[in-house]
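Below: protein-v3.txt (compact mmCIF, C-alpha atoms)
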# COMPACT_ATOMS: atom_id res chain seq x y z
CA MET D 875 -104.87 77.79 -19.40
CA PHE D 876 -104.51 79.81 -22.59
CA SER D 877 -101.45 81.94 -21.93
CA LEU D 878 -99.35 80.06 -24.53
CA VAL D 879 -101.67 80.70 -27.48
CA ALA D 880 -99.40 83.49 -28.75
CA ALA D 881 -96.40 81.20 -28.46
CA VAL D 882 -98.38 78.53 -30.34
CA ALA D 883 -98.98 80.93 -33.23
CA SER D 884 -95.30 81.73 -33.59
CA LEU D 885 -94.17 78.11 -33.30
CA LEU D 886 -96.63 77.00 -35.97
CA THR D 887 -94.47 78.78 -38.55
CA SER D 888 -91.42 76.70 -37.60
CA GLY D 889 -90.76 73.13 -38.67
CA THR D 890 -89.14 72.47 -35.27
CA ALA D 891 -92.23 73.33 -33.22
CA SER D 892 -93.12 69.77 -32.23
CA ALA D 893 -89.55 68.93 -31.25
CA SER D 894 -89.32 72.12 -29.19
CA TYR D 895 -92.54 71.31 -27.35
CA ALA D 896 -91.45 67.73 -26.72
CA SER D 897 -88.12 68.90 -25.30
CA GLU D 898 -89.78 71.42 -23.00
CA ILE D 899 -92.36 68.88 -21.86
CA GLN D 900 -89.65 66.30 -21.14
CA GLN D 901 -87.62 68.84 -19.15
CA LEU D 902 -90.68 69.85 -17.13
CA GLN D 903 -91.60 66.23 -16.51
CA GLN D 904 -88.11 65.55 -15.16
CA GLU D 905 -88.33 68.59 -12.89
CA GLN D 906 -91.79 67.48 -11.80
CA SER D 907 -90.50 63.99 -11.03
CA GLN D 908 -87.73 65.42 -8.85
CA LEU D 909 -90.22 67.64 -7.04
CA LEU D 910 -92.56 64.70 -6.49
CA GLY D 911 -89.70 62.79 -4.89
CA GLN D 912 -88.94 65.79 -2.69
CA LEU D 913 -92.62 66.14 -1.85
CA GLN D 914 -92.87 62.48 -0.87
CA SER D 915 -89.81 62.84 1.36
CA LEU D 916 -91.17 66.00 3.03
CA GLN D 917 -94.57 64.42 3.57
CA GLY D 918 -92.89 61.35 5.11
CA GLN D 919 -90.79 63.49 7.43
CA ALA D 920 -93.81 65.58 8.40
CA ALA D 921 -95.80 62.42 9.12
CA SER D 922 -92.92 61.06 11.21
CA ALA D 923 -92.69 64.30 13.18
CA GLY D 924 -96.44 64.17 13.74
CA GLN D 925 -96.21 60.60 14.99
CA GLN D 926 -93.37 61.52 17.34
CA ALA D 927 -95.39 64.47 18.62
CA ALA D 928 -98.41 62.22 19.22
CA ALA D 929 -96.28 59.63 21.02
CA THR D 930 -94.71 62.35 23.15
CA GLN D 931 -98.14 63.73 23.99
CA ALA D 932 -99.19 60.26 25.15
CA GLN D 933 -96.12 60.16 27.40
CA ILE D 934 -96.98 63.62 28.73
CA THR D 935 -100.50 62.49 29.55
CA SER D 936 -99.14 59.44 31.42
CA ILE D 937 -96.57 61.54 33.29
CA GLN D 938 -99.18 64.11 34.26
CA GLN D 939 -101.46 61.38 35.61
CA ARG D 940 -98.62 59.96 37.72
CA LEU D 941 -97.65 63.47 38.77
CA ALA D 942 -101.18 64.18 39.99
CA GLN D 943 -101.15 60.96 42.02
CA GLU D 944 -97.76 61.69 43.57
CA GLN D 945 -98.72 65.29 44.36
CA ALA D 946 -101.84 64.01 46.13
CA GLN D 947 -99.69 61.55 48.08
CA LEU D 948 -97.22 64.31 48.94
CA SER D 949 -100.06 66.46 50.25
CA GLN D 950 -101.25 63.55 52.39
CA VAL D 951 -97.73 62.87 53.75
CA ASN D 952 -97.28 66.56 54.53
CA ALA D 953 -100.58 66.61 56.38
CA GLU D 954 -99.68 63.48 58.34
CA LEU D 955 -96.25 64.87 59.18
CA THR D 956 -97.80 68.13 60.39
CA SER D 957 -100.20 66.16 62.61
CA THR D 958 -97.33 64.08 64.01
CA ASN D 959 -95.27 67.19 64.72
CA ASN D 960 -98.22 68.74 66.55
CA ARG D 961 -98.79 65.59 68.61
CA LEU D 962 -95.09 65.39 69.42
CA ALA D 963 -95.02 69.00 70.60
CA LEU D 964 -98.09 68.46 72.78
CA THR D 965 -96.63 65.28 74.30
CA LYS D 966 -93.35 66.99 75.09
CA ALA D 967 -95.18 69.92 76.66
CA ARG D 968 -97.38 67.60 78.74
CA MET D 969 -94.38 65.58 79.85
CA ALA D 970 -92.52 68.71 80.93
CA LEU D 971 -95.54 70.03 82.84
CA ASP D 972 -96.27 66.73 84.58
CA ARG D 973 -92.64 66.24 85.53
CA SER D 974 -92.56 69.70 87.03
CA GLN D 975 -95.71 69.15 89.04
CA LEU D 976 -94.63 65.71 90.22
CA SER D 977 -91.30 67.11 91.24
CA ASP D 978 -93.02 69.82 93.26
CA LEU D 979 -95.23 67.24 95.00
CA VAL D 980 -92.29 65.07 95.94
CA ASP D 981 -90.45 68.10 97.37
CA LEU D 982 -93.50 68.99 99.46
CA LEU D 983 -93.76 65.45 100.71
CA TYR D 984 -90.21 65.45 102.05
CA GLU D 985 -90.33 68.97 103.35
CA ARG D 986 -93.45 68.58 105.36
CA GLY D 987 -93.19 64.89 106.22
CA SER D 988 -96.94 64.90 106.84
CA GLY D 989 -99.47 62.77 105.00
CA ASP D 990 -102.19 65.29 105.73
CA SER D 991 -100.16 68.12 104.22
CA PHE D 992 -99.30 65.99 101.19
CA ALA D 993 -102.92 64.95 100.78
CA ASP D 994 -104.01 68.60 100.86
CA THR D 995 -101.39 69.53 98.31
CA LEU D 996 -102.33 66.57 96.11
CA ALA D 997 -106.02 67.43 96.35
CA ASN D 998 -105.42 71.04 95.35
CA SER D 999 -102.93 70.44 92.56
CA GLY D 1000 -103.80 70.49 88.85
CA GLY D 1001 -101.78 68.66 86.15
CA VAL D 1002 -100.79 65.23 87.45
CA SER D 1003 -103.38 65.22 90.28
CA GLN D 1004 -105.81 63.71 87.78
CA PHE D 1005 -103.47 60.69 87.44
CA LEU D 1006 -103.28 60.04 91.21
CA ASP D 1007 -105.97 58.38 93.34
CA GLN D 1008 -105.53 60.53 96.47
CA THR D 1009 -103.09 58.04 97.99
CA LEU D 1010 -100.63 59.22 100.68
CA ASP D 1011 -98.30 56.32 100.07
CA LEU D 1012 -94.92 57.53 98.85
CA GLN D 1013 -94.19 54.25 97.10
CA THR D 1014 -97.44 54.51 95.14
CA LEU D 1015 -96.65 58.09 94.22
CA ARG D 1016 -93.19 57.11 92.98
CA GLN D 1017 -94.61 54.18 91.04
CA ARG D 1018 -97.20 56.34 89.35
CA PHE D 1019 -94.58 58.99 88.63
CA SER D 1020 -92.34 56.36 87.04
CA THR D 1021 -95.19 54.82 85.03
CA LEU D 1022 -96.33 58.21 83.73
CA THR D 1023 -92.82 59.26 82.88
CA ASP D 1024 -92.12 55.99 81.07
CA GLN D 1025 -95.33 56.33 79.07
CA LEU D 1026 -94.55 59.90 78.11
CA VAL D 1027 -91.02 58.92 77.06
CA ALA D 1028 -92.37 55.97 75.08
CA ASP D 1029 -94.93 58.20 73.38
CA THR D 1030 -92.24 60.73 72.60
CA ASP D 1031 -89.92 58.09 71.15
CA SER D 1032 -92.74 56.59 69.11
CA LEU D 1033 -93.70 59.98 67.73
CA LYS D 1034 -90.08 60.76 66.92
CA THR D 1035 -89.78 57.46 65.04
CA LEU D 1036 -92.99 58.21 63.18
CA GLN D 1037 -91.75 61.70 62.45
CA ALA D 1038 -88.45 60.39 61.03
CA THR D 1039 -90.29 57.86 58.86
CA GLN D 1040 -92.65 60.50 57.55
CA GLN D 1041 -89.79 62.89 56.83
CA VAL D 1042 -88.05 60.20 54.76
CA GLN D 1043 -91.30 59.48 52.95
CA GLN D 1044 -91.82 63.19 52.39
CA GLN D 1045 -88.35 63.54 50.85
CA GLN D 1046 -88.88 60.51 48.64
CA VAL D 1047 -92.27 61.64 47.35
CA ALA D 1048 -91.06 65.24 46.92
CA GLY D 1049 -88.08 63.95 44.94
CA LEU D 1050 -90.36 61.83 42.75
CA VAL D 1051 -92.67 64.79 42.16
CA SER D 1052 -89.72 66.99 41.23
CA GLY D 1053 -88.43 64.34 38.82
CA LEU D 1054 -91.83 63.95 37.20
CA GLN D 1055 -92.19 67.71 36.84
CA SER D 1056 -88.77 67.91 35.18
CA GLN D 1057 -89.63 65.01 32.87
CA ASN D 1058 -92.97 66.61 32.02
CA SER D 1059 -91.24 69.89 31.11
CA GLN D 1060 -88.72 68.07 28.91
CA LEU D 1061 -91.46 66.12 27.13
CA GLN D 1062 -93.51 69.26 26.53
CA ALA D 1063 -90.46 70.96 25.03
CA ALA D 1064 -89.86 67.91 22.83
CA GLU D 1065 -93.48 67.86 21.69
CA SER D 1066 -93.33 71.56 20.85
CA THR D 1067 -90.20 70.90 18.77
CA TYR D 1068 -91.89 68.02 16.92
CA ARG D 1069 -94.99 70.12 16.24
CA SER D 1070 -92.88 73.00 14.92
CA GLU D 1071 -90.95 70.58 12.74
CA GLN D 1072 -94.19 69.07 11.45
CA ASP D 1073 -95.61 72.52 10.65
CA SER D 1074 -92.39 73.57 8.93
CA LEU D 1075 -92.21 70.39 6.87
CA GLY D 1076 -95.89 70.68 6.04
CA GLY D 1077 -95.33 74.24 4.82
CA GLU D 1078 -92.42 73.12 2.65
CA ALA D 1079 -94.49 70.24 1.32
CA ALA D 1080 -97.32 72.64 0.43
CA GLN D 1081 -94.88 74.87 -1.46
CA VAL D 1082 -93.46 71.91 -3.37
CA ALA D 1083 -96.98 70.66 -4.11
CA ALA D 1084 -97.83 74.09 -5.51
CA GLN D 1085 -94.73 73.91 -7.70
CA VAL D 1086 -95.76 70.45 -8.91
CA GLN D 1087 -99.22 71.76 -9.77
CA GLY D 1088 -97.70 74.75 -11.57
CA ILE D 1089 -95.51 72.46 -13.66
CA SER D 1090 -98.53 70.27 -14.41
CA ASN D 1091 -100.32 73.34 -15.74
CA GLN D 1092 -97.30 74.27 -17.85
CA ILE D 1093 -97.11 70.73 -19.26
CA LEU D 1094 -100.83 70.85 -20.09
CA LEU D 1095 -100.42 74.13 -21.93
CA LEU D 1096 -97.43 72.82 -23.85
CA GLU D 1097 -99.31 69.64 -24.75
CA GLU D 1098 -102.18 71.73 -26.03
CA ALA D 1099 -99.80 73.89 -28.00
CA GLU D 1100 -98.05 70.78 -29.33
CA ALA D 1101 -101.37 69.34 -30.42
CA ALA D 1102 -102.19 72.60 -32.17
CA SER D 1103 -98.84 72.54 -33.97
CA TRP D 1104 -99.49 69.01 -35.26
CA GLY D 1105 -102.88 69.99 -36.63
CA GLY D 1106 -101.64 73.14 -38.33
CA GLY D 1107 -104.11 75.26 -36.35
CA SER D 1108 -104.85 77.49 -39.31
CA GLY D 1109 -108.21 76.21 -40.55
CA GLU D 1110 -111.50 77.49 -39.21
CA ALA D 1111 -112.17 74.10 -37.57
CA GLY D 1112 -109.07 74.52 -35.43
CA THR D 1113 -107.41 71.62 -33.56
CA ILE D 1114 -108.76 69.06 -31.14
CA LEU D 1115 -106.80 69.29 -27.89
CA HIS D 1116 -108.57 66.66 -25.77
CA VAL D 1117 -111.41 64.23 -26.10
CA TYR D 1118 -113.19 63.33 -22.85
CA SER D 1119 -115.17 60.16 -22.47
CA GLY D 1120 -118.70 61.18 -21.60
CA TYR D 1121 -119.56 64.70 -20.46
CA PRO D 1122 -117.57 65.52 -17.28
CA ASN D 1123 -118.11 69.29 -17.35
CA LEU D 1124 -121.87 69.47 -17.60
CA GLY D 1125 -124.23 71.22 -15.23
CA PRO D 1126 -127.96 70.36 -15.08
CA TYR D 1127 -129.05 68.53 -18.22
CA PRO D 1128 -131.45 70.61 -20.38
CA ASP D 1129 -134.70 68.94 -21.33
CA ASP D 1130 -135.32 70.87 -24.56
CA TYR D 1131 -132.45 69.33 -26.57
CA PRO D 1132 -131.54 65.75 -27.51
CA ARG D 1133 -128.78 64.32 -25.40
CA GLY D 1134 -125.35 64.47 -27.04
CA GLN D 1135 -126.13 67.35 -29.42
CA CYS D 1136 -123.97 70.48 -29.41
CA THR D 1137 -127.01 72.56 -28.44
CA TRP D 1138 -127.74 70.20 -25.54
CA PHE D 1139 -124.17 70.62 -24.31
CA ALA D 1140 -124.07 74.44 -24.63
CA ALA D 1141 -127.50 74.76 -22.99
CA SER D 1142 -126.15 72.85 -20.01
CA GLU D 1143 -123.59 75.61 -19.41
CA ALA D 1144 -126.05 78.53 -19.44
CA LEU D 1145 -129.75 79.15 -18.93
CA ILE D 1146 -131.16 78.85 -22.46
CA THR D 1147 -134.89 79.49 -22.72
CA TRP D 1148 -135.36 78.51 -26.34
CA ALA D 1149 -135.16 75.32 -28.38
CA ALA D 1150 -133.78 75.46 -31.93
CA ASN D 1151 -130.98 74.29 -34.16
CA ALA D 1152 -127.57 75.90 -33.67
CA ASN D 1153 -127.79 78.16 -36.72
CA GLY D 1154 -130.95 79.75 -35.31
CA TRP D 1155 -129.52 80.77 -31.95
CA ILE D 1156 -128.53 84.19 -33.28
CA SER D 1157 -130.11 84.68 -36.69
CA GLY D 1158 -133.55 83.40 -35.68
CA ASP D 1159 -136.09 85.03 -33.37
CA LEU D 1160 -135.71 82.47 -30.57
CA ASN D 1161 -133.44 84.78 -28.53
CA SER D 1162 -136.04 87.52 -28.51
CA ALA D 1163 -138.10 86.01 -25.69
CA ASP D 1164 -135.26 86.32 -23.21
CA PRO D 1165 -132.50 88.13 -25.09
CA TYR D 1166 -128.83 87.99 -24.19
CA PRO D 1167 -126.21 90.43 -25.51
CA ILE D 1168 -124.67 89.35 -28.79
CA GLY D 1169 -121.30 90.32 -30.27
CA SER D 1170 -118.44 89.31 -32.50
CA THR D 1171 -115.68 89.08 -29.87
CA PRO D 1172 -114.95 85.84 -28.03
CA ARG D 1173 -115.24 86.00 -24.25
CA VAL D 1174 -114.70 83.37 -21.60
CA GLY D 1175 -118.13 82.07 -20.58
CA SER D 1176 -119.80 83.00 -23.86
CA ILE D 1177 -121.51 80.73 -26.40
CA VAL D 1178 -119.98 80.75 -29.89
CA VAL D 1179 -122.36 80.13 -32.78
CA PHE D 1180 -120.75 78.73 -35.94
CA ALA D 1181 -122.61 79.29 -39.18
CA ALA D 1182 -123.74 76.31 -41.25
CA GLY D 1183 -121.29 75.17 -43.92
CA GLY D 1184 -117.53 75.10 -44.10
CA ALA D 1185 -116.16 73.07 -41.21
CA TYR D 1186 -119.59 72.73 -39.63
CA ASN D 1187 -122.87 71.04 -40.36
CA TYR D 1188 -124.21 72.36 -43.65
CA GLU D 1189 -127.77 72.32 -42.37
CA PHE D 1190 -127.68 73.10 -38.65
CA GLY D 1191 -124.38 74.85 -37.87
CA HIS D 1192 -122.73 74.37 -34.49
CA VAL D 1193 -122.53 75.93 -30.99
CA ALA D 1194 -119.88 75.58 -28.27
CA TRP D 1195 -118.87 77.00 -24.89
CA VAL D 1196 -115.86 79.34 -24.79
CA VAL D 1197 -113.42 78.51 -21.96
CA ALA D 1198 -110.30 80.53 -22.89
CA VAL D 1199 -109.50 83.51 -25.11
CA GLU D 1200 -106.34 85.05 -26.53
CA GLY D 1201 -107.07 87.80 -29.02
CA ALA D 1202 -109.17 86.37 -31.84
CA ALA D 1203 -108.17 82.80 -30.96
CA PHE D 1204 -110.09 80.84 -28.37
CA ILE D 1205 -110.64 77.39 -26.88
CA VAL D 1206 -114.05 75.76 -26.57
CA ASP D 1207 -115.62 72.82 -24.79
CA GLU D 1208 -118.26 71.14 -26.94
CA ALA D 1209 -120.22 68.05 -27.83
CA ASN D 1210 -121.01 66.34 -31.14
CA PHE D 1211 -118.01 67.71 -32.99
CA VAL D 1212 -115.82 64.60 -32.80
CA ASN D 1213 -118.80 62.32 -32.20
CA GLY D 1214 -122.12 62.32 -30.42
CA TYR D 1215 -120.90 60.46 -27.35
CA ASP D 1216 -118.00 62.46 -25.96
CA GLU D 1217 -117.04 65.97 -25.00
CA ASP D 1218 -113.95 67.48 -26.56
CA GLN D 1219 -111.82 70.59 -26.12
CA ARG D 1220 -110.78 72.40 -29.30
CA TYR D 1221 -108.43 75.23 -30.20
CA VAL D 1222 -109.97 77.67 -32.71
CA PRO D 1223 -107.32 80.03 -34.18
CA ASN D 1224 -109.68 82.76 -35.45
CA THR D 1225 -113.32 83.75 -35.91
CA ASP D 1226 -113.63 82.45 -39.48
CA GLY D 1227 -116.99 80.77 -39.80
CA VAL D 1228 -118.28 82.30 -36.58
CA GLU D 1229 -121.74 83.76 -36.80
CA GLY D 1230 -121.42 85.50 -33.45
CA PHE D 1231 -121.11 85.15 -29.68
CA ILE D 1232 -123.92 85.06 -27.12
CA TYR D 1233 -123.03 86.50 -23.68
CA PRO D 1234 -125.35 84.87 -21.08

Can I see the file as structure tokens?
Amino acid sequence: MFSLVAAVASLLTSGTASASYASEIQQLQQEQSQLLGQLQSLQGQAASAGQQAAATQAQITSIQQRLAQEQAQLSQVNAELTSTNNRLALTKARMALDRSQLSDLVDLLYERGSGDSFADTLANSGGVSQFLDQTLDLQTLRQRFSTLTDQLVADTDSLKTLQATQQVQQQQVAGLVSGLQSQNSQLQAAESTYRSEQDSLGGEAAQVAAQVQGISNQILLLEEAEAASWGGGSGEAGTILHVYSGYPNLGPYPDDYPRGQCTWFAASEALITWAANANGWISGDLNSADPYPIGSTPRVGSIVVFAAGGAYNYEFGHVAWVVAVEGAAFIVDEANFVNGYDEDQRYVPNTDGVEGFIYP
């Protein structure tokens, strides 16, 4: 905040100081304006990338839900196809076995030509004997053979049709699952790209924002230096840099001092255990109860005590809070210097009129 105090001192000796400050401030403001435009663009692009990433994530969620459903259906189709294949194999095996046994029975019937022999064979046979009713009639045997064969063929054809249908369904669902998996992978890659772009743009935006803030700080310092150059900055009263409406920088309000007084303001910045006029903060005995170190060198965070007279109240003196230091020059925040209602910030070029500094 106070790094330009030395530059202020040198420019005060030149009649072109104000013009120089104004030129520098204008140049910085132009640069800041350009950076703000760039920052707005980067933030817009980053927001757009974030929106695209969010939309892509929503698509991914939808695709994954559909994928889960199709994978469940594929598992069901596979299970049904496996069951059909097993049933088809069993039917074919049963048909082959029954045909073989029926063929053997018919051969025996013709070879022996005896109903008794055929009945014995039929009674002792396994396989198709369970489908026969112990009849010795050849016509009945042939009819039952034909009926059983037709049924087995029909079952086989039906199972083959079912198998073909399920295989087509399996291919269709497997193709859909594969397509959804591919689409899911593509969307995830796209989302990753959008997120990376958003992060990159956000990083660039942060850098530009830091540059904008840095330029703002430079402009503030130049404005303070410009204000000092207008006021001459050589008297012990120094130069007012800013006047703040109200008291924005105060901590807890002290109860021992009237609101708006310089002592009230300074006591709000540090723990002050005494109550007295400003000119008694060092020279009086009030600091003895809870003493703080005292010196003649300004430090950031110290309380400066101005002696009565000169630029300050001829009866009570003045106190203020030191916020920046450069050699013997310093900047203070204070109350009741401009008026009793506002806080101001003031550049003090030297320690003329200073009674001392209290280091809380």

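Proximity ranking of D:Ala942, D:Ala1203, D:Leu1075, D:Ala1194 relative to Gln917 of chain D places D:Leu1075 first, based on only C-alpha atoms.
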
Would you mind telling me which residue in D:Lys1034, D:Thr1023, D:Val1047, D:Glu954 lies nearest to Leu941 of chain D when using only C-alpha atoms?
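So, comparing all the options, the nearest one is D:Val1047.
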
Taking (-92.4, 71.6, 8.9) in the file's own coordinates, collect the residues within 10 Å, counting all atoms listed in the file, and hand them back as a tab-separated table (two decimals) with C-alpha atoms, keeping the file's coordinate frame.
chain	number	residue	atom	x	y	z
D	916	LEU	CA	-91.17	66.00	3.03
D	917	GLN	CA	-94.57	64.42	3.57
D	919	GLN	CA	-90.79	63.49	7.43
D	920	ALA	CA	-93.81	65.58	8.40
D	921	ALA	CA	-95.80	62.42	9.12
D	923	ALA	CA	-92.69	64.30	13.18
D	924	GLY	CA	-96.44	64.17	13.74
D	1068	TYR	CA	-91.89	68.02	16.92
D	1069	ARG	CA	-94.99	70.12	16.24
D	1070	SER	CA	-92.88	73.00	14.92
D	1071	GLU	CA	-90.95	70.58	12.74
D	1072	GLN	CA	-94.19	69.07	11.45
D	1073	ASP	CA	-95.61	72.52	10.65
D	1074	SER	CA	-92.39	73.57	8.93
D	1075	LEU	CA	-92.21	70.39	6.87
D	1076	GLY	CA	-95.89	70.68	6.04
D	1077	GLY	CA	-95.33	74.24	4.82
D	1078	GLU	CA	-92.42	73.12	2.65
D	1079	ALA	CA	-94.49	70.24	1.32
D	1080	ALA	CA	-97.32	72.64	0.43

In terms of only C-alpha atoms, the residue from D:Val1206, D:Ile937, D:Ala1181, D:Val1199 at minimal distance from Gln1055 of chain D is D:Ile937

Please provide the set of residues having any atom within 12 Å of Ala1185 of chain D, restricted to all atoms listed in the file, with same-chain residues fewer than 5 positions apart removed, written as a short mmCIF file (atom, residue, chain, number, x, y, z; two decimals) with C-alpha atoms, in the coordinates of the input.
data_model
loop_
_atom_site.label_atom_id
_atom_site.label_comp_id
_atom_site.auth_asym_id
_atom_site.auth_seq_id
_atom_site.Cartn_x
_atom_site.Cartn_y
_atom_site.Cartn_z
CA GLY D 1109 -108.21 76.21 -40.55
CA GLU D 1110 -111.50 77.49 -39.21
CA ALA D 1111 -112.17 74.10 -37.57
CA GLY D 1112 -109.07 74.52 -35.43
CA THR D 1113 -107.41 71.62 -33.56
CA PHE D 1180 -120.75 78.73 -35.94
CA PHE D 1190 -127.68 73.10 -38.65
CA GLY D 1191 -124.38 74.85 -37.87
CA HIS D 1192 -122.73 74.37 -34.49
CA PHE D 1211 -118.01 67.71 -32.99
CA VAL D 1212 -115.82 64.60 -32.80
CA VAL D 1222 -109.97 77.67 -32.71
CA ASP D 1226 -113.63 82.45 -39.48
CA GLY D 1227 -116.99 80.77 -39.80
CA VAL D 1228 -118.28 82.30 -36.58
#

Quick one: of D:Gln906, D:Ser1052, D:Ser1170, D:Ser949, who's nearest to Ala1083 of chain D, counting only C-alpha atoms?
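Closest to Ala1083 of chain D, using only C-alpha atoms: D:Gln906.
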
Using Å and a single decimal, report how far atom CA of Thr1014 of chain D sits from atom CA of Arg973 of chain D.
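So the two atoms, atom CA of Arg973 of chain D and atom CA of Thr1014 of chain D, lie 15.9 Å apart.
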
How many Å lie between atom CA of Thr1067 of chain D and atom CA of Gly918 of chain D, rounded to one decimal?
16.9 Å

Neighbour list for Gln1041 of chain D as a list in words, cut-off 12 Å, only C-alpha atoms, skip fewer than 2 positions in-chain
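These residues fall inside the cut-off: Leu948, Val951, Asn952, Ala953, Glu954, Leu955, Thr956, Thr958, Asn959, Leu1033, Lys1034, Thr1035, Leu1036, Gln1037, Ala1038, Thr1039, Gln1043, Gln1044, Gln1045, Gln1046, Val1047 and Ala1048 of chain D.
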
Atom pair atom CA of Pro1234 of chain D + atom CA of Trp1148 of chain D, distance 13.0 Å

For Ser1059 of chain D: contacts at 12 Å, all atoms listed in the file, fewer than 3 positions along chain excluded, given as JSON, numbers by chain:
{"D": [930, 931, 933, 934, 935, 937, 938, 941, 1052, 1053, 1054, 1055, 1056, 1062, 1063, 1064, 1065, 1066]}

Selected residue of minimal separation from Gln1057 of chain D among D:Ser936, D:Ser977, D:Gln903, D:Gln950, counting only C-alpha atoms:
D:Ser936

Taking 3 positions as the minimum chain separation for residues in the same chain, which residues sit within 8 Å of Thr1171 of chain D when counting all atoms listed in the file? Answer as a PyMOL selection string.
chain D and resi 1202+1230-1231

When distances are computed from all atoms listed in the file, which of D:Ser974, D:Tyr1221, D:Ala1152, D:Asn960 shows the smallest separation from Trp1138 of chain D?
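Selected residue with least distance to Trp1138 of chain D: D:Ala1152.
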
Could you give me, as a tab-separated table (two decimals) with C-alpha atoms, in the coordinates of the input, the residues within 10 Å of Asn1151 of chain D, counting only C-alpha atoms and dropping anything in the same chain fewer than 5 positions from it?
chain	number	residue	atom	x	y	z
D	1131	TYR	CA	-132.45	69.33	-26.57
D	1135	GLN	CA	-126.13	67.35	-29.42
D	1136	CYS	CA	-123.97	70.48	-29.41
D	1137	THR	CA	-127.01	72.56	-28.44
D	1158	GLY	CA	-133.55	83.40	-35.68
D	1189	GLU	CA	-127.77	72.32	-42.37
D	1190	PHE	CA	-127.68	73.10	-38.65
D	1191	GLY	CA	-124.38	74.85	-37.87
D	1192	HIS	CA	-122.73	74.37	-34.49
D	1193	VAL	CA	-122.53	75.93	-30.99
